[in-house]
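Peer 1: For reference, this is protein.cif, and it has mmCIF, C-alpha atoms and all ligand atoms.
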```cif
data_final
#
loop_
_atom_site.label_atom_id
_atom_site.label_comp_id
_atom_site.auth_asym_id
_atom_site.auth_seq_id
_atom_site.Cartn_x
_atom_site.Cartn_y
_atom_site.Cartn_z
CA MET A 270 0.00 0.00 0.00
CA LEU A 271 1.15 3.53 -0.70
CA SER A 272 1.89 5.75 2.22
CA TRP A 273 0.36 9.22 2.14
CA ASP A 274 3.60 11.05 1.38
CA GLN A 275 4.34 8.80 -1.59
CA THR A 276 1.17 9.60 -3.46
CA PRO A 277 1.96 13.12 -4.65
CA SER A 278 4.78 11.93 -6.90
CA LEU A 279 2.34 9.57 -8.60
CA ALA A 280 -0.29 12.25 -9.13
CA PRO A 281 -0.43 13.58 -12.69
CA SER A 282 0.67 17.19 -13.00
CA LEU A 283 -2.29 19.49 -13.50
CA GLU A 284 -0.23 22.29 -15.00
CA PRO A 285 -0.61 21.50 -18.73
CA MET A 286 -4.30 20.77 -18.22
CA ARG A 287 -4.86 24.19 -16.75
CA CYS A 288 -3.21 25.69 -19.80
CA CYS A 289 -5.37 23.84 -22.21
CA ARG A 290 -8.61 25.57 -21.36
CA ALA A 291 -7.77 29.27 -21.52
CA TRP A 292 -4.80 31.54 -20.98
CA VAL A 293 -3.42 35.07 -21.14
CA GLU A 294 -0.67 35.67 -23.67
CA ILE A 295 1.79 38.44 -22.84
CA ASP A 296 3.70 39.76 -25.83
CA LEU A 297 7.03 40.93 -24.45
CA ALA A 298 8.14 42.37 -27.79
CA ALA A 299 5.08 44.65 -27.74
CA LEU A 300 5.87 45.70 -24.18
CA ARG A 301 9.45 46.59 -25.15
CA HIS A 302 8.17 48.46 -28.17
CA ASN A 303 5.77 50.51 -26.04
CA ILE A 304 8.48 51.39 -23.54
CA SER A 305 10.78 52.55 -26.30
CA GLN A 306 7.96 54.65 -27.79
CA PHE A 307 7.57 56.43 -24.45
CA ARG A 308 11.33 56.77 -24.07
CA HIS A 309 11.52 58.49 -27.46
CA LEU A 310 8.74 60.87 -26.47
CA LEU A 311 10.50 61.89 -23.24
CA PRO A 312 13.61 64.00 -22.78
CA ASN A 313 16.59 62.14 -21.29
CA SER A 314 16.17 64.05 -18.05
CA THR A 315 12.67 62.61 -17.49
CA GLN A 316 12.59 59.18 -15.87
CA LEU A 317 10.02 56.60 -16.90
CA MET A 318 8.23 54.87 -14.03
CA ALA A 319 6.51 51.65 -15.10
CA VAL A 320 3.29 51.43 -13.11
CA VAL A 321 2.90 47.72 -12.33
CA LYS A 322 0.20 47.86 -9.64
CA ALA A 323 -2.61 45.29 -9.69
CA ASP A 324 -0.22 42.62 -11.02
CA ALA A 325 0.79 44.94 -13.85
CA TYR A 326 -2.82 45.54 -14.84
CA GLY A 327 -3.31 41.78 -15.02
CA HIS A 328 -0.20 41.12 -17.15
CA GLY A 329 2.01 39.68 -14.38
CA ALA A 330 4.00 42.16 -12.29
CA VAL A 331 7.38 40.42 -12.10
CA THR A 332 7.69 39.69 -15.83
CA VAL A 333 6.49 43.16 -16.79
CA ALA A 334 8.75 44.87 -14.26
CA GLN A 335 11.85 43.00 -15.38
CA THR A 336 11.11 43.61 -19.06
CA ALA A 337 10.32 47.28 -18.49
CA LEU A 338 13.57 47.82 -16.59
CA GLN A 339 15.55 46.18 -19.38
CA SER A 340 13.91 48.45 -21.94
CA GLY A 341 14.29 51.93 -20.48
CA ALA A 342 12.10 52.27 -17.39
CA THR A 343 14.07 53.19 -14.26
CA TRP A 344 11.36 53.21 -11.59
CA LEU A 345 8.45 50.95 -10.66
CA GLY A 346 5.13 52.04 -9.19
CA VAL A 347 2.86 49.77 -7.12
CA ALA A 348 -0.27 50.41 -5.07
CA THR A 349 0.38 48.27 -2.00
CA VAL A 350 3.22 47.05 0.18
CA PRO A 351 2.69 43.34 -0.72
CA GLU A 352 2.92 44.28 -4.41
CA GLY A 353 6.31 45.85 -3.72
CA ILE A 354 7.46 42.85 -1.69
CA GLU A 355 6.54 40.50 -4.53
CA LEU A 356 8.93 42.40 -6.83
CA ARG A 357 11.77 42.51 -4.29
CA ALA A 358 11.33 38.81 -3.47
CA ALA A 359 11.74 38.10 -7.21
CA GLY A 360 15.07 39.95 -7.14
CA VAL A 361 14.00 43.28 -8.65
CA GLN A 362 16.48 45.95 -7.51
CA ALA A 363 15.06 49.17 -9.03
CA PRO A 364 13.46 51.85 -6.84
CA ILE A 365 9.81 51.03 -6.09
CA LEU A 366 7.28 53.72 -5.16
CA VAL A 367 4.25 52.55 -3.15
CA MET A 368 1.54 54.95 -4.34
CA GLY A 369 -1.26 53.77 -2.03
CA ALA A 370 -1.81 54.70 1.59
CA VAL A 371 0.57 53.17 4.15
CA ASN A 372 -0.61 53.80 7.69
CA SER A 373 0.19 50.91 10.00
CA PRO A 374 3.59 50.55 11.73
CA GLU A 375 3.74 46.95 10.41
CA GLU A 376 3.52 48.16 6.83
CA MET A 377 6.10 50.84 7.57
CA GLN A 378 8.49 48.22 8.94
CA ALA A 379 8.00 46.15 5.80
CA ILE A 380 8.72 49.24 3.69
CA ALA A 381 12.04 49.75 5.47
CA HIS A 382 12.95 46.07 5.37
CA TRP A 383 12.25 45.65 1.65
CA ARG A 384 13.66 49.07 0.66
CA LEU A 385 10.36 50.26 -0.77
CA GLN A 386 9.57 53.99 -0.95
CA PRO A 387 6.28 55.20 0.52
CA THR A 388 3.95 58.01 -0.38
CA LEU A 389 3.32 60.37 2.53
CA VAL A 390 0.15 62.44 2.52
CA SER A 391 -0.07 63.90 6.01
CA PRO A 392 2.15 65.12 8.86
CA LYS A 393 0.55 62.57 11.18
CA GLN A 394 1.48 59.71 8.91
CA ALA A 395 5.03 61.07 8.58
CA LEU A 396 5.34 61.26 12.36
CA VAL A 397 4.21 57.64 12.87
CA PHE A 398 6.68 56.65 10.18
CA ALA A 399 9.62 58.43 11.78
CA ASP A 400 8.69 56.97 15.20
CA THR A 401 8.47 53.45 13.80
CA LEU A 402 11.83 53.78 12.08
CA GLY A 403 13.34 55.23 15.26
CA ARG A 404 12.22 52.19 17.25
CA LEU A 405 13.70 49.91 14.59
CA ALA A 406 17.00 51.77 14.89
CA ALA A 407 16.99 51.76 11.09
CA ALA A 408 20.47 51.99 9.64
CA ARG A 409 19.63 54.11 6.63
CA PRO A 410 16.94 56.72 6.08
CA VAL A 411 13.86 55.76 4.08
CA GLN A 412 13.32 57.75 0.88
CA VAL A 413 9.82 59.19 0.91
CA HIS A 414 7.60 60.90 -1.62
CA LEU A 415 5.23 63.66 -0.57
CA LYS A 416 1.94 63.77 -2.38
CA ILE A 417 -0.22 66.87 -2.62
CA ASP A 418 -3.85 67.02 -3.69
CA THR A 419 -4.23 69.53 -6.52
CA GLY A 420 -7.78 68.53 -7.47
CA MET A 421 -8.08 64.76 -7.73
CA SER A 422 -9.55 64.69 -4.20
CA ARG A 423 -8.01 61.34 -3.42
CA LEU A 424 -4.70 60.85 -1.55
CA GLY A 425 -2.69 63.99 -0.90
CA PHE A 426 -2.08 66.90 1.45
CA PRO A 427 -3.81 70.18 0.45
CA TRP A 428 -1.63 71.81 -2.22
CA ALA A 429 -1.91 75.28 -0.71
CA GLU A 430 -0.20 74.00 2.47
CA ALA A 431 2.66 72.23 0.71
CA VAL A 432 5.29 74.46 2.36
CA ASP A 433 4.16 73.54 5.89
CA PHE A 434 4.01 69.87 4.95
CA VAL A 435 7.50 69.74 3.44
CA ARG A 436 8.98 71.78 6.30
CA PHE A 437 7.44 69.40 8.83
CA VAL A 438 8.69 66.24 7.15
CA ARG A 439 12.18 67.66 6.59
CA GLN A 440 12.83 68.04 10.28
CA LEU A 441 11.86 64.44 11.09
CA PRO A 442 14.65 61.89 11.56
CA HIS A 443 14.99 58.74 9.42
CA LEU A 444 13.11 60.20 6.44
CA LYS A 445 14.64 61.64 3.30
CA ILE A 446 12.35 63.42 0.86
CA ASP A 447 13.01 62.28 -2.69
CA SER A 448 10.10 63.77 -4.60
CA LEU A 449 6.94 65.86 -4.56
CA TYR A 450 4.05 64.65 -6.64
CA SER A 451 0.39 64.95 -7.46
CA HIS A 452 -2.15 63.11 -9.61
CA LEU A 453 -4.45 64.41 -12.35
CA ALA A 454 -8.17 63.73 -12.44
CA THR A 455 -9.03 64.57 -16.05
CA ALA A 456 -5.88 64.11 -18.13
CA ASP A 457 -7.79 61.99 -20.67
CA ASP A 458 -10.44 64.68 -21.24
CA PRO A 459 -10.11 66.55 -24.57
CA ASP A 460 -11.02 69.70 -22.62
CA PRO A 461 -7.81 70.59 -20.73
CA THR A 462 -9.37 73.17 -18.38
CA VAL A 463 -9.37 71.13 -15.16
CA MET A 464 -5.98 69.60 -15.92
CA GLN A 465 -4.49 73.04 -16.45
CA GLN A 466 -5.97 74.24 -13.17
CA GLN A 467 -4.32 71.28 -11.41
CA GLN A 468 -1.01 72.01 -13.13
CA GLN A 469 -1.29 75.65 -12.10
CA ARG A 470 -1.77 74.61 -8.46
CA PHE A 471 1.20 72.24 -8.72
CA ALA A 472 3.28 75.09 -10.19
CA THR A 473 2.21 77.45 -7.39
CA ALA A 474 3.17 74.89 -4.73
CA ILE A 475 6.55 74.46 -6.46
CA GLU A 476 7.10 78.21 -6.58
CA ASN A 477 6.25 78.61 -2.89
CA LEU A 478 8.61 75.78 -1.95
CA ARG A 479 11.41 77.15 -4.10
CA ARG A 480 11.12 80.53 -2.44
CA GLU A 481 11.62 78.86 0.97
CA TYR A 482 14.49 76.69 -0.33
CA LEU A 483 12.36 73.64 0.44
CA LEU A 484 11.81 72.24 -3.04
CA PRO A 485 12.28 68.42 -3.19
CA ALA A 486 14.81 67.13 -5.70
CA ARG A 487 12.28 65.60 -8.08
CA LEU A 488 8.75 66.44 -9.25
CA HIS A 489 6.14 64.33 -11.05
CA LEU A 490 2.54 64.70 -12.12
CA ALA A 491 1.77 62.74 -15.29
CA ASN A 492 -0.02 59.43 -15.84
CA THR A 493 -0.24 57.95 -19.36
CA ALA A 494 -2.81 60.47 -20.56
CA ALA A 495 -0.87 63.50 -19.35
CA THR A 496 2.38 62.07 -20.73
CA LEU A 497 0.75 61.88 -24.16
CA ALA A 498 -1.20 65.12 -23.88
CA ASP A 499 1.36 67.77 -23.02
CA PRO A 500 5.18 67.79 -22.66
CA THR A 501 4.99 70.53 -20.02
CA LEU A 502 3.51 67.87 -17.70
CA HIS A 503 6.56 65.59 -17.90
CA TYR A 504 8.71 67.19 -15.14
CA ASP A 505 11.40 64.81 -13.75
CA GLN A 506 9.42 61.62 -14.08
CA VAL A 507 6.22 60.24 -15.61
CA ARG A 508 4.17 57.42 -14.10
CA VAL A 509 2.92 55.36 -17.03
CA GLY A 510 0.52 52.45 -16.59
CA LEU A 511 -2.06 51.89 -19.33
CA GLY A 512 0.19 52.97 -22.19
CA LEU A 513 2.83 50.34 -21.34
CA TYR A 514 0.20 47.73 -21.99
CA GLY A 515 -0.47 49.16 -25.43
CA LEU A 516 -3.75 50.98 -24.89
CA TYR A 517 -4.62 54.66 -25.21
CA PRO A 518 -6.45 56.45 -22.39
CA ALA A 519 -8.66 58.22 -24.96
CA PRO A 520 -8.99 58.23 -28.76
CA HIS A 521 -7.74 61.81 -29.16
CA LEU A 522 -4.41 60.80 -27.55
CA GLY A 523 -3.77 58.08 -30.11
CA HIS A 524 -1.67 59.96 -32.64
CA ARG A 525 1.51 60.81 -30.66
CA ILE A 526 3.06 57.36 -30.51
CA ALA A 527 2.18 53.96 -31.96
CA LEU A 528 1.43 51.49 -29.19
CA GLN A 529 0.93 47.74 -29.52
CA PRO A 530 -1.42 45.75 -27.27
CA VAL A 531 0.50 43.41 -24.97
CA MET A 532 -2.28 41.11 -23.76
CA GLN A 533 -4.22 38.53 -25.72
CA ILE A 534 -6.90 36.30 -24.24
CA LYS A 535 -7.30 32.87 -25.78
CA ALA A 536 -9.37 29.79 -24.96
CA ARG A 537 -10.09 26.45 -26.51
CA ILE A 538 -13.21 24.95 -27.97
CA THR A 539 -13.91 22.16 -25.51
CA HIS A 540 -17.07 20.78 -27.12
CA LEU A 541 -18.63 21.15 -30.56
CA LYS A 542 -22.12 20.16 -31.70
CA GLU A 543 -25.01 20.85 -34.05
CA VAL A 544 -28.17 22.11 -32.40
CA PRO A 545 -31.57 22.28 -34.12
CA ALA A 546 -33.62 25.41 -34.76
CA GLY A 547 -35.47 26.61 -31.68
CA THR A 548 -32.88 25.39 -29.18
CA GLY A 549 -32.49 27.52 -26.04
CA ILE A 550 -28.86 28.14 -25.12
CA SER A 551 -27.31 28.57 -21.65
CA TYR A 552 -28.89 29.65 -18.35
CA GLY A 553 -32.26 31.26 -18.67
CA HIS A 554 -32.46 30.45 -22.36
CA GLN A 555 -31.84 34.14 -23.07
CA TYR A 556 -30.86 33.10 -26.58
CA ARG A 557 -32.80 30.72 -28.80
CA CYS A 558 -31.48 30.00 -32.28
CA ASP A 559 -33.93 30.50 -35.14
CA ARG A 560 -32.09 28.04 -37.41
CA PRO A 561 -29.88 24.99 -36.91
CA ILE A 562 -26.42 26.12 -35.81
CA GLN A 563 -23.03 24.69 -35.06
CA LEU A 564 -22.35 25.51 -31.43
CA ALA A 565 -18.91 25.69 -29.81
CA VAL A 566 -18.52 25.52 -26.04
CA VAL A 567 -15.43 27.53 -25.07
CA GLY A 568 -13.54 27.01 -21.82
CA ILE A 569 -13.58 30.51 -20.36
CA GLY A 570 -16.22 32.37 -18.35
CA TYR A 571 -16.93 35.25 -16.05
CA ALA A 572 -14.87 33.69 -13.23
CA ASP A 573 -11.87 34.16 -15.54
CA GLY A 574 -12.67 37.80 -16.22
CA VAL A 575 -15.01 37.83 -19.22
CA PRO A 576 -17.71 40.29 -18.07
CA ARG A 577 -21.07 38.53 -17.86
CA VAL A 578 -22.73 41.76 -18.92
CA LEU A 579 -21.33 41.09 -22.42
CA SER A 580 -23.52 37.97 -22.83
CA ASN A 581 -24.97 37.78 -26.36
CA ARG A 582 -22.92 40.84 -27.39
CA LEU A 583 -19.39 39.55 -27.46
CA GLN A 584 -17.71 38.58 -30.70
CA VAL A 585 -14.72 36.26 -30.77
CA ILE A 586 -12.31 35.25 -33.53
CA VAL A 587 -12.21 31.62 -34.67
CA LYS A 588 -9.82 30.64 -37.46
CA GLY A 589 -9.53 34.25 -38.54
CA ARG A 590 -13.31 34.77 -38.67
CA LEU A 591 -15.58 36.70 -36.36
CA ALA A 592 -18.17 34.60 -34.54
CA GLN A 593 -21.02 35.61 -32.24
CA GLN A 594 -21.14 34.58 -28.60
CA VAL A 595 -24.64 33.35 -27.73
CA GLY A 596 -26.55 32.79 -24.48
CA ALA A 597 -25.57 33.82 -20.97
CA ILE A 598 -21.83 33.74 -20.28
CA THR A 599 -21.43 31.22 -17.45
CA MET A 600 -18.85 31.02 -14.69
CA ASP A 601 -16.36 28.84 -16.56
CA GLN A 602 -17.67 28.48 -20.09
CA LEU A 603 -19.38 30.37 -22.86
CA MET A 604 -21.03 29.37 -26.12
CA VAL A 605 -20.28 30.64 -29.63
CA ASP A 606 -22.23 30.24 -32.86
CA VAL A 607 -19.56 28.90 -35.22
CA SER A 608 -21.94 27.99 -38.06
CA GLY A 609 -20.24 28.11 -41.44
CA ILE A 610 -16.66 28.02 -40.15
CA PRO A 611 -15.20 24.96 -41.86
CA ARG A 612 -13.04 22.18 -40.42
CA LEU A 613 -13.43 23.11 -36.77
CA GLN A 614 -12.34 20.67 -34.11
CA GLU A 615 -12.49 20.46 -30.37
CA GLY A 616 -9.22 21.91 -29.09
CA ASP A 617 -9.16 24.73 -31.65
CA VAL A 618 -8.20 28.12 -30.25
CA VAL A 619 -10.62 31.02 -29.90
CA THR A 620 -9.25 34.56 -29.58
CA LEU A 621 -11.33 36.69 -27.22
CA LEU A 622 -8.95 39.66 -27.12
CA GLY A 623 -6.18 40.06 -29.66
CA ARG A 624 -5.60 39.47 -33.32
CA ASP A 625 -6.20 36.45 -35.54
CA GLY A 626 -6.03 36.93 -39.29
CA PRO A 627 -7.67 40.15 -40.46
CA HIS A 628 -9.61 40.72 -37.24
CA SER A 629 -8.64 42.08 -33.88
CA ILE A 630 -10.61 42.74 -30.72
CA SER A 631 -9.40 45.25 -28.15
CA PRO A 632 -10.14 45.76 -24.45
CA ASP A 633 -11.48 49.14 -25.62
CA ASP A 634 -14.22 47.29 -27.57
CA TRP A 635 -15.23 45.37 -24.46
CA ALA A 636 -15.03 48.48 -22.28
CA THR A 637 -17.37 50.41 -24.58
CA MET A 638 -19.93 47.58 -24.62
CA ALA A 639 -19.67 47.00 -20.86
CA ASN A 640 -19.87 50.72 -20.10
CA THR A 641 -16.56 50.73 -18.28
CA ILE A 642 -12.90 51.58 -18.97
CA SER A 643 -10.17 49.42 -20.49
CA TRP A 644 -8.19 49.56 -17.20
CA GLU A 645 -10.96 47.53 -15.51
CA ILE A 646 -11.12 44.98 -18.35
CA LEU A 647 -7.34 44.36 -18.11
CA CYS A 648 -7.35 44.05 -14.32
CA GLY A 649 -10.33 41.71 -14.44
CA PHE A 650 -8.49 38.60 -15.67
CA LYS A 651 -8.11 36.24 -12.76
CA HIS A 652 -5.17 34.14 -11.70
CA ARG A 653 -6.96 31.01 -12.78
CA LEU A 654 -5.70 31.93 -16.25
CA PRO A 655 -1.99 31.22 -16.63
CA ARG A 656 0.07 34.12 -17.99
CA ILE A 657 2.26 32.94 -20.84
CA ALA A 658 5.00 35.33 -21.85
CA ILE A 659 6.04 35.14 -25.48
CA GLU A 660 8.30 37.13 -27.78
CA GLN A 661 5.89 37.14 -30.74
CA PRO A 662 2.14 36.55 -30.81
CA LEU A 663 1.64 32.82 -31.30
CA PRO A 664 -0.32 31.64 -34.30
CA THR A 665 -3.59 30.23 -32.98
CA SER A 666 -2.65 26.76 -34.27
CA THR A 667 0.22 26.55 -31.76
CA VAL A 668 -0.17 24.06 -28.93
CA VAL A 669 0.55 25.93 -25.72
CA GLN A 670 2.71 24.11 -23.19
CA CYS A 671 3.41 25.62 -19.80
C1 LIG A 701 -2.43 54.12 -11.49
C2 LIG A 701 -1.66 55.38 -11.36
C3 LIG A 701 -0.91 55.87 -12.43
C4 LIG A 701 -0.94 55.25 -13.82
O1 LIG A 701 -2.12 55.62 -14.49
P1 LIG A 701 -2.36 55.27 -16.05
O2 LIG A 701 -3.52 56.09 -16.42
O3 LIG A 701 -2.67 53.81 -16.11
O4 LIG A 701 -1.13 55.61 -16.76
C5 LIG A 701 -0.14 56.98 -12.20
N1 LIG A 701 -0.12 57.60 -11.00
C6 LIG A 701 -0.85 57.17 -9.95
C7 LIG A 701 -0.80 57.90 -8.66
C8 LIG A 701 -1.66 56.05 -10.10
O5 LIG A 701 -2.40 55.63 -9.06
#
```
Write out the structure in this file as structure tokens.
Ligand SMILES: *Cc1c(COP(=O)(O)O)cnc(C)c1O
Peer 2:
Amino acid sequence: MLSWDQTPSLAPSLEPMRCCRAWVEIDLAALRHNISQFRHLLPNSTQLMAVVKADAYGHGAVTVAQTALQSGATWLGVATVPEGIELRAAGVQAPILVMGAVNSPEEMQAIAHWRLQPTLVSPKQALVFADTLGRLAAARPVQVHLKIDTGMSRLGFPWAEAVDFVRFVRQLPHLKIDSLYSHLATADDPDPTVMQQQQQRFATAIENLRREYLLPARLHLANTAATLADPTLHYDQVRVGLGLYGLYPAPHLGHRIALQPVMQIKARITHLKEVPAGTGISYGHQYRCDRPIQLAVVGIGYADGVPRVLSNRLQVIVKGRLAQQVGAITMDQLMVDVSGIPRLQEGDVVTLLGRDGPHSISPDDWATMANTISWEILCGFKHRLPRIAIEQPLPTSTVVQC
């Protein structure tokens, strides 16, 4: 008889099976291309921060961070302390800014231990930080970044009081101010009025600080949209997220540089059958075919990140041809009308996002239909889908091995 600890070696590996159903393809060549496009847009004196929060917008933070750093990015931006730790634990050495709120002493200790760089938004928070570091008898000061609110009304100290804030933090032990920054609320709006008001406030804060000889060494304000919209917003560093992944924040910002989408979503046909006219399809029979159709069951669903609200509206690409998704999208599977597409077999690959032949489908298409933004579509793909990094988009006939 087998003992308990012998059985695992006899168990079949599940890894290739997971890959068979559906996966996320990450095109590293496209990522490098996008980084170099931004690098060409920016003066040498402006650093490029690759924003890799939320697992690099669903693309896989470690792979994206390493590729971005090899291709011209010099900083990384994350939202949370664990996101920063994940990068350090993978051996990433570049400076990492934690852009989200860090308030507990435990998080502050982790920041010091992992050499992350926090965003400070209030004197109280700065004081707790300095106290915590004092108790740790930290050997080196922690580099901090002061954030002011110029109109986003999210994290940040009031811009008009920037001088008091900087003066207060400067006299605390264990902290070294590296930069002053703010975040724009409407950089993707074709009407620049609000953005310009925010920039004006940022400029006023800078002027007031300069007059008091308190100006931090580095300044930054721009996300992707602002980076594309106006070179006067570049300052010493830009914080680019969406654009790295090959998408534009708004159509009017699409002409400055040529970006290539990095993510493709693919899944396999797991079951294929003819169904007669009048057949109800999927939960609730929301869809009933009015003629006999060839129906493909595809191994991806809303639990993987395909928004259920797109049921009966989604199109997918099968063998280079567009095909209509039909019936309610279910948790793990969805159905496609593949009538008229010749020589289909179970195991064939369906492209949900990406290009196959003459057709391509973008997260922007999904976002428009789902009444949301492409950022949310990208971040929505769950870890049940393996991320497969490739140098060139794979032809859909390729068998994917993990
Ligand atoms: C997420 C984020 C960015 C990146 O925004 P994109 O629009 O994706 O480029 C930049 N700065 C801050 C503070 C952020 O939170």
Peer 1: May I ask for the distance between atom CA of A:Val367 and atom CA of A:Ser422, given in Å to one decimal place?
Peer 2: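 These two atoms are separated by 18.4 Å.
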Peer 1: Can you sort out the box for ligand LIG 701 (chain A), edges along x, y and z, all listed atoms in, 5 Å on every side, with centre and edge lengths in Å to one decimal, as lines of an AutoDock Vina configuration file?
Peer 2:
```
center_x = -1.8
center_y = 55.9
center_z = -12.7
size_x = 13.4
size_y = 14.1
size_z = 18.1
```
Peer 1: Kindly work out which residues sit at most 8 Å from ligand LIG 701 (chain A), using only C-alpha atoms and all ligand atoms, and give the list as a PyMOL selection string.
Peer 2: chain A and resi 320+322+346+348+368-369+451-452+490-494+507-512+518+644
Peer 1: Write out as a list in words the residues lying within 10 Å of A:Val371, counting all atoms listed in the file and excluding same-chain residues fewer than 2 positions away.
Peer 2: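 In the requested format, the answer is Ala348, Thr349, Val350, Val367, Met368, Gly369, Ser373, Pro374, Glu375, Glu376, Met377, Ile380, Pro387, Thr388, Leu389, Val390, Gln394 and Phe398 of chain A.
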Peer 1: Just how far from atom CA of A:Gly626 is atom CA of A:Arg577, in Å to one decimal?
Peer 2: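 Between atom CA of A:Arg577 and atom CA of A:Gly626 the gap works out to 26.2 Å.
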Peer 1: Write out as a list in words which residues come within 7 Å of stretch 598-612 of chain A when counting only C-alpha atoms, dropping same-chain ones fewer than 2 positions away.
Peer 2: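 The filter keeps Ile562, Gln563, Leu564, Ala565, Val566, Val567, Gly568, Ile569, Gly570, Tyr571, Ala572, Arg577, Ser580, Ala592, Gln593, Gln594, Val595, Gly596 and Gln614 of chain A.
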Peer 1: Place a sphere of radius 12 Å on (23.4, 58.3, 2.2) in the file coordinates and name every protein, DNA or RNA residue with an atom inside or on its surface, counting only C-alpha atoms; give the answer as a ChimeraX atom specification.
Peer 2: /A:408-412,443-445
Peer 1: Find the residues near A:Asn313: any atom within 12 Å, counting all atoms listed in the file, skip ones fewer than 4 places away on the same chain, and give them as JSON, numbers by chain.
Peer 2: {"A": [307, 308, 309, 317, 341, 342, 343, 503, 504, 505, 506, 507]}
Peer 1: Which residue is closest to A:Glu660? Choose from A:Leu311, A:Val361, A:Met532, A:Ala406 and count only C-alpha atoms.
Peer 2: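 Answer, going by the shortest atom-to-atom distance: A:Met532.
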Peer 1: How many Å lie between atom CA of A:Arg590 and atom CA of A:Ile538, rounded to one decimal?
Peer 2: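 Result for atom CA of A:Arg590 versus atom CA of A:Ile538: 14.5 Å, one decimal.
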Peer 1: Using only C-alpha atoms, which residues sit within 9 Å of A:Tyr450 once same-chain residues fewer than 2 positions away are excluded, as a list in words?
Peer 2: His414, Leu415, Lys416, Ile417, Asp418, Gly425, Ser448, His452, Phe471, Arg487, Leu488, His489 and Leu490 of chain A
Peer 1: For the residues in the current selection, export C-alpha atoms as a CSV table (one decimal), in the coordinates of the input.
Peer 2:
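Result written to again-v2.csv:
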```csv
chain,number,residue,atom,x,y,z
A,414,HIS,CA,7.6,60.9,-1.6
A,415,LEU,CA,5.2,63.7,-0.6
A,416,LYS,CA,1.9,63.8,-2.4
A,417,ILE,CA,-0.2,66.9,-2.6
A,418,ASP,CA,-3.8,67.0,-3.7
A,425,GLY,CA,-2.7,64.0,-0.9
A,448,SER,CA,10.1,63.8,-4.6
A,452,HIS,CA,-2.2,63.1,-9.6
A,471,PHE,CA,1.2,72.2,-8.7
A,487,ARG,CA,12.3,65.6,-8.1
A,488,LEU,CA,8.8,66.4,-9.2
A,489,HIS,CA,6.1,64.3,-11.0
A,490,LEU,CA,2.5,64.7,-12.1
```
Peer 1: Determine, counting only C-alpha atoms, which protein, DNA and RNA residues have an atom within 10 Å of an atom of A:Leu483; residues of the same chain fewer than 5 positions away are not included. Present the result as a ChimeraX atom specification.
Peer 2: /A:431-433,435-436,439,475-478
Peer 1: Step by step: locate stretch 574-599 of chain A in the block above, keep C-alpha atoms, then write the file as an mmCIF file, in the first residue's frame.
Peer 2:
```cif
data_model
loop_
_atom_site.group_PDB
_atom_site.id
_atom_site.type_symbol
_atom_site.label_atom_id
_atom_site.label_comp_id
_atom_site.auth_asym_id
_atom_site.auth_seq_id
_atom_site.Cartn_x
_atom_site.Cartn_y
_atom_site.Cartn_z
ATOM 1 C CA GLY A 574 -12.668 37.804 -16.220
ATOM 2 C CA VAL A 575 -15.007 37.830 -19.219
ATOM 3 C CA PRO A 576 -17.706 40.295 -18.065
ATOM 4 C CA ARG A 577 -21.072 38.533 -17.858
ATOM 5 C CA VAL A 578 -22.734 41.765 -18.924
ATOM 6 C CA LEU A 579 -21.329 41.090 -22.421
ATOM 7 C CA SER A 580 -23.523 37.968 -22.829
ATOM 8 C CA ASN A 581 -24.971 37.783 -26.362
ATOM 9 C CA ARG A 582 -22.920 40.844 -27.393
ATOM 10 C CA LEU A 583 -19.386 39.546 -27.460
ATOM 11 C CA GLN A 584 -17.711 38.584 -30.695
ATOM 12 C CA VAL A 585 -14.723 36.257 -30.768
ATOM 13 C CA ILE A 586 -12.309 35.246 -33.530
ATOM 14 C CA VAL A 587 -12.215 31.623 -34.673
ATOM 15 C CA LYS A 588 -9.818 30.642 -37.455
ATOM 16 C CA GLY A 589 -9.532 34.247 -38.543
ATOM 17 C CA ARG A 590 -13.311 34.769 -38.672
ATOM 18 C CA LEU A 591 -15.579 36.699 -36.360
ATOM 19 C CA ALA A 592 -18.165 34.600 -34.544
ATOM 20 C CA GLN A 593 -21.021 35.612 -32.241
ATOM 21 C CA GLN A 594 -21.143 34.582 -28.595
ATOM 22 C CA VAL A 595 -24.645 33.346 -27.731
ATOM 23 C CA GLY A 596 -26.549 32.789 -24.477
ATOM 24 C CA ALA A 597 -25.574 33.819 -20.968
ATOM 25 C CA ILE A 598 -21.835 33.743 -20.277
ATOM 26 C CA THR A 599 -21.429 31.221 -17.450
#
```
